[in-house]
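Let me begin by presenting the structure, written as structure tokens, before commenting on it.
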Amino acid sequence: MPGGNMRANGRPANNSWEAVQSKTFTKWVNARLGEHSLGPLHDICTDFSDGTALIQLLEIIGDASLGRFNRSPRMRIQKVENVNLALDFIRGRKINLTNIGAEDIVDANRKLILGMIWIIILRFTIEDISEEGLSAMDGLLLWCQRKTAPYDDVRVRDFSYSWQDGLAFCALIHRHRPDLLDYYALDKRDSRGNMELAFDVAERCLGIPRLLDVEDVCDAAKPDERSVMTYVAQYFHAFSSLSKAETAGRRLGKFADVVQTVFDMQHDYEDRVARLLASIRAQQDTWAHTKLESVYAKARAMSDAFNEYKASTKRTWTHEKIELDTLLGDIQIKRVTYNLAPFVPRAGLAPRDLEAAWVELAASEVRHRKAINHHIRQSRDALQRRYGSEANSIQSVLNNIAHAVSSLSGELDAQLSTVTSLIARARPLGPALSRLSSLERMCSEANIDEHDYTVYSVSDLTYDAEMTMKALEKKARFIENQSAVRNMTNLTPAQLEEFEATFRYFDRDARNALGDAEFRAALDSLGHSFSDDEFLMLYDQLVCGDDAISFEVYIRFLVELTEDQTTPEQVLQSFRVIANNKPFVTKEDLRLDLNPKSVECLLREMPRSDVDKNGYDYLAYLRNVFQ
């Protein structure tokens, strides 16, 4: 140790290290004893003399009981026994104590006691320090160097001079807890201020006891290495504990995160299984309480709803079930990964419960589909029966009408009355055909192409009904026309047939009446030509305020026009026609249209013509006959 100097407090320099070590080691011992509410000691060199405090210290740092000892020794022998018990414990830990006996401790040999305490500190505090393969003091020094390397103002080369400016202590604190002090705001020239700051923060915030005083480091020519090392070791252990706590916290946090993640996955699994099971049961309950009817539209709607369920809801459930199976597998894998017990879902939510519900759902689907199909078949059959009944009923009416028409006989008035009643029976077939058409559309929607209860289609019956109605109307007009001509006996049947056929031909719209153009065309076709003025006058006379000439008016006109009435005008017109409008008629003219007997009669009565030697003057003849 350096000598020749006096310290500021007047203590000789040659034993200043003892004072610093005594103070530092005493504080270190008090810190250990204070952990168990023991002490404090004022000076280990004197307070260790009876062995009790030393035994208590060793029991704390050695984490073992030394057995029975004298807790209040009064005699020297009792003190020696206590110290020997302590020394035996130290030696039992493979710690070499050279030249130290119990009497040295009892006699308060300062140098030996300080040496013993240093050995204890070294063994229980410093020796377990390890850094990159180096242990004890070298390991501690390397740790300090590595931790302070980022700080340009700090150079840790030893445990004496390198610590005098206080920056190394501040750097260690800032490196591990930058929130406790701002290293870069320090006044690098204020050694005592930096030292005091480091000691204060370490004690107050990190629980590191103040083993050193500021002057022990700043004011010493060379700070005591053992004292500085003892104090710095507290930093190592404090920050190691902090690192261990951080590591433990990180690990525990990670474990908690895993547990929370697994819990969330398990909760999600159970919640989703519960919702899926509830949805399945609700659907089954809906099917169980659905009242199916054998009405095709309703049965078809139920079938469409079931198909929509299969295409949407069921597929969503299938996807969810697969997702749940995967989720359960992920949960179990994660639990195995982190050595957790297997996951057992709550009662009713286990995979077997979901699988059982899934199987029952499939059975319910089959039952519901079979019930729907049964009612669809029933409704299709009922629809066919309705269609067949309606179609057969219409055909029956048509058959009865046809039979009645074919059986007409007797007086024309009676026949006309019968036909009129048949027309009245045929008219309601229109609404019946509309109903049948509606039924046919329903059958088409039900995919019924062939009918089991009838062979009659709507188109067939519509055609037959139209033809029947036309036939009845035609029959009624025929009877009416026949009634109109039945008393006209001056016409031959051939004439009447010709007149009637002509009327029917030009009655294009089958209304049993002729317009002006139709009437003129009919007259022209029968060989009766009129000038425009003559025709207009004639048409106005015959119409009599109506919009057309009825068959009865038409036939009466033709009868009057062609009937043999032997009036002067008719006879004169007939001679003119025969004579081709000549003022005389020849024998050859008469022979063309009259029988020989009639020719002979007329030639005998008519005078000769003055115009033609072979002609006869029919004008003179008629003047003489009709005077």
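Chain labels run A, B, ... following the order of the structure tokens; each chain numbers its residues from 1, and ligands are numbered from 1 in the order shown.
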
Find the spatial neighbours of A:Cys443, counting only C-alpha atoms, within a cut-off of 10 Å - ignore same-chain residues fewer than 4 positions away - and output them as a compact mmCIF listing (two decimals) with N, CA and C atoms, in the first residue's frame.
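File written: selection20.txt
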# COMPACT_ATOMS: atom_id res chain seq x y z
N TYR A 296 -99.75 -28.27 -54.80
CA TYR A 296 -98.46 -28.30 -55.47
C TYR A 296 -97.66 -27.03 -55.25
N ARG A 380 -99.37 -33.43 -57.29
CA ARG A 380 -99.35 -33.64 -58.74
C ARG A 380 -100.50 -34.54 -59.18
N ASP A 381 -100.75 -35.58 -58.39
CA ASP A 381 -101.87 -36.47 -58.72
C ASP A 381 -103.20 -35.73 -58.59
N LEU A 383 -103.65 -32.56 -58.91
CA LEU A 383 -103.72 -31.60 -60.01
C LEU A 383 -104.15 -32.29 -61.30
N GLN A 384 -103.61 -33.48 -61.54
CA GLN A 384 -104.01 -34.23 -62.73
C GLN A 384 -105.48 -34.62 -62.67
N TYR A 387 -107.52 -31.54 -63.47
CA TYR A 387 -107.45 -31.26 -64.91
C TYR A 387 -108.31 -32.26 -65.68
N SER A 437 -107.24 -24.00 -68.90
CA SER A 437 -105.95 -23.45 -69.32
C SER A 437 -105.08 -23.13 -68.11
N SER A 438 -105.70 -22.57 -67.08
CA SER A 438 -104.97 -22.28 -65.85
C SER A 438 -104.44 -23.56 -65.21
N LEU A 439 -105.28 -24.60 -65.23
CA LEU A 439 -104.84 -25.89 -64.68
C LEU A 439 -103.69 -26.47 -65.51
N ASN A 447 -94.29 -29.96 -64.07
CA ASN A 447 -93.60 -30.91 -64.96
C ASN A 447 -94.47 -32.12 -65.30
N ILE A 448 -95.77 -31.88 -65.44
CA ILE A 448 -96.70 -32.94 -65.84
C ILE A 448 -96.90 -32.80 -67.35
N ASP A 449 -96.31 -33.70 -68.10
CA ASP A 449 -96.42 -33.65 -69.56
C ASP A 449 -97.54 -34.54 -70.08
N GLU A 450 -97.79 -35.62 -69.42
CA GLU A 450 -98.85 -36.55 -69.81
C GLU A 450 -99.86 -36.67 -68.68
N HIS A 451 -101.14 -36.77 -69.08
CA HIS A 451 -102.21 -36.84 -68.08
C HIS A 451 -102.75 -38.26 -67.98

Which residues are close to stretch 611-624 of chain A, i.e. within 6 Å by only C-alpha atoms, leaving aside same-chain residues fewer than 4 positions away? Reply as a list in words.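 Close residues of stretch 611-624 of chain A: Phe584, Val585, Thr586, Met606 and Pro607 of chain A.
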
Atom CA of A:Asn194 to atom CA of A:Gly166: how many Å, to one decimal?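 Between these atoms lies a distance of 5.1 Å.
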
At a cut-off of 9 Å, using only C-alpha atoms, what residues contact A:Ser160? Leave out same-chain residues fewer than 4 positions from it and give the result as a ChimeraX atom specification. /A:164,217,222-226,228-229

A:Asp610, A:Glu81, A:Asp285, A:Asp547 ranked by distance to A:His368, top pick (using only C-alpha atoms): A:Asp285

Do a neighbour search on A:Ile55 at 12 Å with only C-alpha atoms, toss out local chain neighbours closer than 2 positions, and write the hits as a compact mmCIF listing (two decimals) with all heavy atoms, in the first residue's frame.
# COMPACT_ATOMS: atom_id res chain seq x y z
N VAL A 29 -21.76 -6.54 5.56
CA VAL A 29 -22.30 -7.50 6.53
C VAL A 29 -23.66 -7.03 7.03
O VAL A 29 -24.63 -7.81 7.14
CB VAL A 29 -21.32 -7.70 7.70
CG1 VAL A 29 -21.99 -8.52 8.81
CG2 VAL A 29 -20.06 -8.41 7.23
N LEU A 33 -27.17 -9.02 7.05
CA LEU A 33 -27.93 -9.28 8.28
C LEU A 33 -29.28 -8.57 8.24
O LEU A 33 -30.29 -9.08 8.76
CB LEU A 33 -27.13 -8.80 9.50
CG LEU A 33 -25.82 -9.56 9.78
CD1 LEU A 33 -25.07 -8.91 10.96
CD2 LEU A 33 -26.11 -11.03 10.11
N LEU A 38 -31.52 -8.53 11.36
CA LEU A 38 -30.48 -8.70 12.38
C LEU A 38 -29.52 -7.52 12.32
O LEU A 38 -29.43 -6.83 11.31
CB LEU A 38 -29.73 -10.02 12.15
CG LEU A 38 -30.57 -11.30 12.21
CD1 LEU A 38 -29.72 -12.51 11.83
CD2 LEU A 38 -31.14 -11.49 13.63
N ASP A 47 -17.25 -6.59 16.66
CA ASP A 47 -18.57 -7.22 16.85
C ASP A 47 -18.58 -8.69 16.46
O ASP A 47 -19.54 -9.40 16.77
CB ASP A 47 -19.62 -6.47 16.04
CG ASP A 47 -19.84 -5.05 16.57
OD1 ASP A 47 -19.50 -4.81 17.73
OD2 ASP A 47 -20.38 -4.20 15.81
N PHE A 48 -17.53 -9.16 15.79
CA PHE A 48 -17.43 -10.59 15.46
C PHE A 48 -16.74 -11.39 16.57
O PHE A 48 -16.62 -12.60 16.46
CB PHE A 48 -16.64 -10.79 14.17
CG PHE A 48 -17.49 -10.69 12.92
CD1 PHE A 48 -16.89 -10.72 11.67
CD2 PHE A 48 -18.88 -10.62 13.00
CE1 PHE A 48 -17.65 -10.64 10.51
CE2 PHE A 48 -19.63 -10.53 11.86
CZ PHE A 48 -19.03 -10.53 10.61
N SER A 49 -16.28 -10.73 17.61
CA SER A 49 -15.41 -11.39 18.59
C SER A 49 -16.11 -12.51 19.35
O SER A 49 -15.45 -13.46 19.76
CB SER A 49 -14.86 -10.35 19.58
OG SER A 49 -15.93 -9.73 20.28
N ASP A 50 -17.43 -12.42 19.56
CA ASP A 50 -18.10 -13.50 20.29
C ASP A 50 -18.64 -14.58 19.36
O ASP A 50 -19.23 -15.56 19.79
CB ASP A 50 -19.21 -12.95 21.19
CG ASP A 50 -20.33 -12.32 20.40
OD1 ASP A 50 -20.23 -12.29 19.13
OD2 ASP A 50 -21.32 -11.86 20.99
N GLY A 51 -18.53 -14.40 18.03
CA GLY A 51 -18.91 -15.43 17.06
C GLY A 51 -20.38 -15.46 16.67
O GLY A 51 -20.75 -16.09 15.66
N THR A 52 -21.29 -14.81 17.46
CA THR A 52 -22.73 -14.91 17.14
C THR A 52 -23.07 -14.23 15.82
O THR A 52 -23.79 -14.81 14.98
CB THR A 52 -23.55 -14.28 18.28
OG1 THR A 52 -23.12 -12.91 18.48
CG2 THR A 52 -23.34 -15.06 19.57
N ALA A 53 -22.57 -13.00 15.63
CA ALA A 53 -22.87 -12.28 14.38
C ALA A 53 -22.27 -13.00 13.18
O ALA A 53 -22.86 -13.05 12.09
CB ALA A 53 -22.37 -10.85 14.46
N LEU A 57 -24.34 -14.44 10.00
CA LEU A 57 -23.99 -14.06 8.64
C LEU A 57 -23.82 -15.29 7.76
O LEU A 57 -24.34 -15.33 6.63
CB LEU A 57 -22.71 -13.23 8.64
CG LEU A 57 -22.12 -12.89 7.26
CD1 LEU A 57 -23.08 -11.99 6.47
CD2 LEU A 57 -20.75 -12.24 7.40
N LEU A 58 -23.10 -16.31 8.26
CA LEU A 58 -22.85 -17.50 7.47
C LEU A 58 -24.13 -18.28 7.20
O LEU A 58 -24.31 -18.86 6.12
CB LEU A 58 -21.83 -18.39 8.17
CG LEU A 58 -20.40 -17.80 8.25
CD1 LEU A 58 -19.50 -18.69 9.10
CD2 LEU A 58 -19.81 -17.63 6.85
N GLU A 59 -25.02 -18.32 8.18
CA GLU A 59 -26.30 -19.01 7.96
C GLU A 59 -27.12 -18.31 6.86
O GLU A 59 -27.81 -18.98 6.08
CB GLU A 59 -27.10 -19.04 9.26
CG GLU A 59 -26.56 -20.04 10.28
CD GLU A 59 -27.41 -20.13 11.54
OE1 GLU A 59 -28.09 -19.11 11.85
OE2 GLU A 59 -27.41 -21.19 12.19
N ILE A 60 -27.01 -16.97 6.79
CA ILE A 60 -27.78 -16.23 5.78
C ILE A 60 -27.18 -16.44 4.39
O ILE A 60 -27.88 -16.82 3.45
CB ILE A 60 -27.83 -14.73 6.14
CG1 ILE A 60 -28.68 -14.53 7.40
CG2 ILE A 60 -28.37 -13.92 4.98
CD1 ILE A 60 -28.59 -13.12 7.96
N ILE A 61 -25.88 -16.19 4.27
CA ILE A 61 -25.28 -16.27 2.93
C ILE A 61 -25.07 -17.71 2.50
O ILE A 61 -25.01 -18.00 1.30
CB ILE A 61 -23.95 -15.51 2.88
CG1 ILE A 61 -22.91 -16.12 3.84
CG2 ILE A 61 -24.18 -14.03 3.18
CD1 ILE A 61 -21.56 -15.43 3.77
N GLY A 62 -24.95 -18.64 3.47
CA GLY A 62 -24.76 -20.05 3.12
C GLY A 62 -26.07 -20.80 3.01
O GLY A 62 -26.08 -21.96 2.60
N ASP A 63 -27.14 -20.13 3.41
CA ASP A 63 -28.47 -20.73 3.33
C ASP A 63 -28.49 -22.10 4.01
O ASP A 63 -28.96 -23.10 3.45
CB ASP A 63 -28.91 -20.86 1.87
CG ASP A 63 -30.40 -21.20 1.76
OD1 ASP A 63 -31.15 -20.89 2.71
OD2 ASP A 63 -30.81 -21.78 0.72
N ALA A 64 -27.91 -22.13 5.23
CA ALA A 64 -27.87 -23.37 5.99
C ALA A 64 -27.77 -23.03 7.48
O ALA A 64 -27.31 -21.95 7.85
CB ALA A 64 -26.68 -24.23 5.55
N SER A 65 -28.20 -23.98 8.29
CA SER A 65 -28.12 -23.80 9.74
C SER A 65 -26.81 -24.41 10.25
O SER A 65 -26.44 -25.51 9.83
CB SER A 65 -29.32 -24.46 10.42
OG SER A 65 -29.17 -24.41 11.83
N LEU A 66 -26.13 -23.67 11.14
CA LEU A 66 -24.88 -24.18 11.72
C LEU A 66 -25.13 -24.98 12.99
O LEU A 66 -24.20 -25.47 13.62
CB LEU A 66 -23.92 -23.03 12.02
CG LEU A 66 -23.02 -22.59 10.84
CD1 LEU A 66 -23.85 -22.01 9.71
CD2 LEU A 66 -21.97 -21.59 11.30
N GLY A 67 -26.36 -25.12 13.38
CA GLY A 67 -26.67 -25.90 14.57
C GLY A 67 -26.72 -25.03 15.83
O GLY A 67 -26.81 -23.79 15.75
N ARG A 68 -26.58 -25.66 16.98
CA ARG A 68 -26.68 -24.94 18.24
C ARG A 68 -25.36 -24.20 18.53
O ARG A 68 -24.29 -24.69 18.22
CB ARG A 68 -26.96 -25.92 19.38
CG ARG A 68 -28.33 -26.61 19.25
CD ARG A 68 -28.57 -27.57 20.40
NE ARG A 68 -28.56 -26.83 21.66
CZ ARG A 68 -28.66 -27.42 22.87
NH1 ARG A 68 -28.74 -28.74 22.95
NH2 ARG A 68 -28.64 -26.70 23.98
N PHE A 69 -25.52 -23.02 19.07
CA PHE A 69 -24.35 -22.25 19.47
C PHE A 69 -24.75 -21.36 20.64
O PHE A 69 -25.94 -21.20 20.96
CB PHE A 69 -23.80 -21.43 18.30
CG PHE A 69 -24.77 -20.40 17.77
CD1 PHE A 69 -24.73 -19.08 18.25
CD2 PHE A 69 -25.73 -20.73 16.82
CE1 PHE A 69 -25.62 -18.15 17.77
CE2 PHE A 69 -26.60 -19.78 16.34
CZ PHE A 69 -26.56 -18.47 16.81
N ASN A 70 -23.74 -20.78 21.26
CA ASN A 70 -23.97 -19.90 22.41
C ASN A 70 -24.42 -18.54 21.90
O ASN A 70 -23.64 -17.81 21.28
CB ASN A 70 -22.69 -19.75 23.24
CG ASN A 70 -22.26 -21.06 23.89
OD1 ASN A 70 -23.04 -21.68 24.61
ND2 ASN A 70 -21.02 -21.48 23.63
N ARG A 71 -25.65 -18.20 22.17
CA ARG A 71 -26.21 -16.95 21.66
C ARG A 71 -25.83 -15.76 22.55
O ARG A 71 -25.88 -14.63 22.07
CB ARG A 71 -27.73 -17.05 21.53
CG ARG A 71 -28.13 -18.10 20.48
CD ARG A 71 -29.63 -18.09 20.24
NE ARG A 71 -29.98 -19.07 19.21
CZ ARG A 71 -29.93 -18.87 17.91
NH1 ARG A 71 -29.53 -17.68 17.47
NH2 ARG A 71 -30.25 -19.81 17.06
N LYS A 79 -17.00 -17.97 23.43
CA LYS A 79 -16.78 -17.20 22.22
C LYS A 79 -15.93 -17.98 21.23
O LYS A 79 -16.18 -17.98 20.02
CB LYS A 79 -16.14 -15.88 22.56
CG LYS A 79 -16.99 -14.97 23.44
CD LYS A 79 -16.26 -13.68 23.78
CE LYS A 79 -17.11 -12.79 24.69
NZ LYS A 79 -16.42 -11.52 25.04
N GLU A 81 -15.69 -21.20 21.02
CA GLU A 81 -16.50 -22.30 20.46
C GLU A 81 -17.38 -21.78 19.31
O GLU A 81 -17.51 -22.43 18.26
CB GLU A 81 -17.36 -22.92 21.55
CG GLU A 81 -16.58 -23.73 22.56
CD GLU A 81 -17.46 -24.27 23.68
OE1 GLU A 81 -18.67 -23.87 23.70
OE2 GLU A 81 -16.99 -25.07 24.48
N ASN A 82 -17.96 -20.65 19.53
CA ASN A 82 -18.81 -20.07 18.46
C ASN A 82 -17.99 -19.78 17.21
O ASN A 82 -18.40 -20.10 16.08
CB ASN A 82 -19.46 -18.78 18.95
CG ASN A 82 -20.63 -19.03 19.89
OD1 ASN A 82 -21.11 -20.15 20.00
ND2 ASN A 82 -21.09 -17.99 20.57
N VAL A 83 -16.78 -19.17 17.40
CA VAL A 83 -15.95 -18.82 16.24
C VAL A 83 -15.47 -20.08 15.54
O VAL A 83 -15.44 -20.14 14.30
CB VAL A 83 -14.78 -17.94 16.67
CG1 VAL A 83 -13.82 -17.70 15.51
CG2 VAL A 83 -15.29 -16.61 17.22
N ASN A 84 -15.08 -21.10 16.32
CA ASN A 84 -14.64 -22.36 15.70
C ASN A 84 -15.78 -22.99 14.87
O ASN A 84 -15.55 -23.56 13.79
CB ASN A 84 -14.17 -23.34 16.76
CG ASN A 84 -12.71 -23.09 17.15
OD1 ASN A 84 -11.89 -22.70 16.29
ND2 ASN A 84 -12.36 -23.31 18.41
N LEU A 85 -17.00 -22.89 15.39
CA LEU A 85 -18.15 -23.42 14.65
C LEU A 85 -18.28 -22.71 13.30
O LEU A 85 -18.49 -23.35 12.25
CB LEU A 85 -19.44 -23.23 15.46
CG LEU A 85 -20.74 -23.73 14.81
CD1 LEU A 85 -20.69 -25.25 14.57
CD2 LEU A 85 -21.95 -23.38 15.68
N ALA A 86 -18.07 -21.41 13.32
CA ALA A 86 -18.15 -20.64 12.08
C ALA A 86 -17.02 -20.99 11.13
O ALA A 86 -17.22 -21.17 9.92
CB ALA A 86 -18.16 -19.14 12.39
N LEU A 87 -15.79 -21.09 11.70
CA LEU A 87 -14.65 -21.40 10.84
C LEU A 87 -14.77 -22.80 10.25
O LEU A 87 -14.38 -23.03 9.09
CB LEU A 87 -13.36 -21.25 11.64
CG LEU A 87 -13.02 -19.83 12.12
CD1 LEU A 87 -11.73 -19.82 12.94
CD2 LEU A 87 -12.89 -18.88 10.93
N ASP A 88 -15.26 -23.75 11.04
CA ASP A 88 -15.46 -25.10 10.50
C ASP A 88 -16.46 -25.09 9.33
O ASP A 88 -16.29 -25.82 8.36
CB ASP A 88 -15.96 -26.03 11.62
CG ASP A 88 -14.89 -26.32 12.66
OD1 ASP A 88 -13.69 -26.10 12.33
OD2 ASP A 88 -15.25 -26.74 13.77
N PHE A 89 -17.51 -24.28 9.45
CA PHE A 89 -18.50 -24.18 8.35
C PHE A 89 -17.85 -23.63 7.09
O PHE A 89 -18.08 -24.13 5.99
CB PHE A 89 -19.67 -23.27 8.78
CG PHE A 89 -20.68 -23.04 7.69
CD1 PHE A 89 -21.65 -23.99 7.39
CD2 PHE A 89 -20.65 -21.87 6.93
CE1 PHE A 89 -22.57 -23.78 6.38
CE2 PHE A 89 -21.56 -21.65 5.92
CZ PHE A 89 -22.53 -22.60 5.64
N ILE A 90 -16.99 -22.60 7.29
CA ILE A 90 -16.30 -22.00 6.14
C ILE A 90 -15.39 -23.03 5.49
O ILE A 90 -15.37 -23.17 4.25
CB ILE A 90 -15.51 -20.77 6.57
CG1 ILE A 90 -16.47 -19.65 7.04
CG2 ILE A 90 -14.64 -20.25 5.43
CD1 ILE A 90 -15.77 -18.46 7.67

What's around A:Ala233 at 10 Å? Count only C-alpha atoms, leave out sequence neighbours fewer than 2 positions away in its own chain, and write the answer as a ChimeraX atom specification. /A:121-122,125-126,129,136-137,140-141,144,208,227-231,235-239

File of the preceding selection, N, CA, C and O atoms, as a compact mmCIF listing (two decimals), in the first residue's frame:
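Final output, again.txt:
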# COMPACT_ATOMS: atom_id res chain seq x y z
N ILE A 121 -16.64 -12.77 1.14
CA ILE A 121 -17.25 -11.99 0.06
C ILE A 121 -16.88 -12.57 -1.29
O ILE A 121 -17.73 -12.73 -2.19
N LEU A 122 -15.60 -12.91 -1.43
CA LEU A 122 -15.14 -13.45 -2.69
C LEU A 122 -15.85 -14.76 -3.02
O LEU A 122 -16.27 -15.00 -4.14
N THR A 125 -20.05 -13.94 -3.06
CA THR A 125 -20.58 -12.82 -3.83
C THR A 125 -19.92 -12.67 -5.19
O THR A 125 -20.59 -12.36 -6.17
N ILE A 126 -18.61 -12.89 -5.25
CA ILE A 126 -17.89 -12.60 -6.48
C ILE A 126 -17.53 -13.85 -7.26
O ILE A 126 -17.53 -13.85 -8.50
N ILE A 129 -19.61 -15.05 -10.23
CA ILE A 129 -19.76 -14.20 -11.41
C ILE A 129 -19.00 -14.82 -12.57
O ILE A 129 -17.85 -15.23 -12.43
N ALA A 136 -15.14 -14.90 -11.37
CA ALA A 136 -14.70 -14.11 -10.21
C ALA A 136 -14.28 -12.71 -10.64
O ALA A 136 -15.01 -12.04 -11.38
N MET A 137 -13.11 -12.25 -10.15
CA MET A 137 -12.69 -10.87 -10.38
C MET A 137 -12.52 -10.56 -11.87
O MET A 137 -12.93 -9.49 -12.34
N LEU A 140 -15.92 -10.24 -13.39
CA LEU A 140 -16.58 -8.99 -13.00
C LEU A 140 -16.00 -7.81 -13.78
O LEU A 140 -16.75 -6.93 -14.23
N LEU A 141 -14.66 -7.80 -13.92
CA LEU A 141 -14.02 -6.71 -14.65
C LEU A 141 -14.48 -6.70 -16.12
O LEU A 141 -14.77 -5.64 -16.69
N CYS A 144 -17.96 -5.32 -16.45
CA CYS A 144 -17.95 -3.86 -16.36
C CYS A 144 -17.48 -3.23 -17.67
O CYS A 144 -18.03 -2.23 -18.14
N ILE A 208 -29.30 -1.14 -3.86
CA ILE A 208 -27.88 -1.46 -3.66
C ILE A 208 -27.39 -0.64 -2.46
O ILE A 208 -27.40 0.59 -2.49
N SER A 227 -12.67 -3.02 -1.70
CA SER A 227 -13.89 -2.29 -1.35
C SER A 227 -14.69 -1.94 -2.60
O SER A 227 -15.92 -2.11 -2.65
N VAL A 228 -13.96 -1.42 -3.61
CA VAL A 228 -14.66 -1.08 -4.86
C VAL A 228 -15.26 -2.32 -5.50
O VAL A 228 -16.40 -2.33 -5.98
N MET A 229 -14.47 -3.43 -5.50
CA MET A 229 -14.95 -4.66 -6.10
C MET A 229 -16.19 -5.19 -5.39
O MET A 229 -17.16 -5.65 -6.02
N THR A 230 -16.17 -5.09 -4.05
CA THR A 230 -17.33 -5.55 -3.28
C THR A 230 -18.58 -4.75 -3.66
O THR A 230 -19.67 -5.29 -3.83
N TYR A 231 -18.37 -3.43 -3.80
CA TYR A 231 -19.51 -2.57 -4.12
C TYR A 231 -19.98 -2.81 -5.55
O TYR A 231 -21.18 -2.93 -5.82
N TYR A 235 -23.69 -4.20 -7.96
CA TYR A 235 -24.31 -3.77 -9.22
C TYR A 235 -24.57 -4.98 -10.12
O TYR A 235 -25.63 -5.11 -10.73
N PHE A 236 -23.52 -5.85 -10.18
CA PHE A 236 -23.67 -7.03 -11.03
C PHE A 236 -24.87 -7.86 -10.60
O PHE A 236 -25.72 -8.25 -11.42
N HIS A 237 -24.96 -8.13 -9.30
CA HIS A 237 -26.04 -8.97 -8.82
C HIS A 237 -27.40 -8.27 -8.96
O HIS A 237 -28.41 -8.92 -9.28
N ALA A 238 -27.40 -6.96 -8.72
CA ALA A 238 -28.67 -6.24 -8.85
C ALA A 238 -29.18 -6.28 -10.29
O ALA A 238 -30.36 -6.55 -10.54
N PHE A 239 -28.25 -6.00 -11.23
CA PHE A 239 -28.68 -6.00 -12.61
C PHE A 239 -28.91 -7.41 -13.13
O PHE A 239 -29.75 -7.62 -14.02

Can you check which residues of stretch 345-537 of chain A DSSP gives as helix (DSSP H, G or I) on the backbone and send them as a ChimeraX atom specification? /A:351-406,412-426,429-445,458-485,493-506,516-525,532-537

Tell me, in Å to one decimal, how far atom CA of A:Glu355 is from atom CA of A:Ala311. 20.7 Å

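Using only C-alpha atoms, the nearest neighbour of A:Gln78 within the list A:Asn392, A:Thr316, A:Leu496, A:Ala102 is A:Ala102.
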
From the set A:Arg251, A:Val571, A:Arg74, A:Arg608, which residue has the shortest atom-to-atom contact distance to A:Lys587, counting only C-alpha atoms?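 Smallest distance to A:Lys587 is found for A:Arg608.
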
Kindly indicate which residue among A:Leu186, A:Leu292, A:Ala350, A:Val201 lies nearest to A:Ser379, using only C-alpha atoms for the distances.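 Counting only C-alpha atoms, the residue closest to A:Ser379 is A:Leu292.
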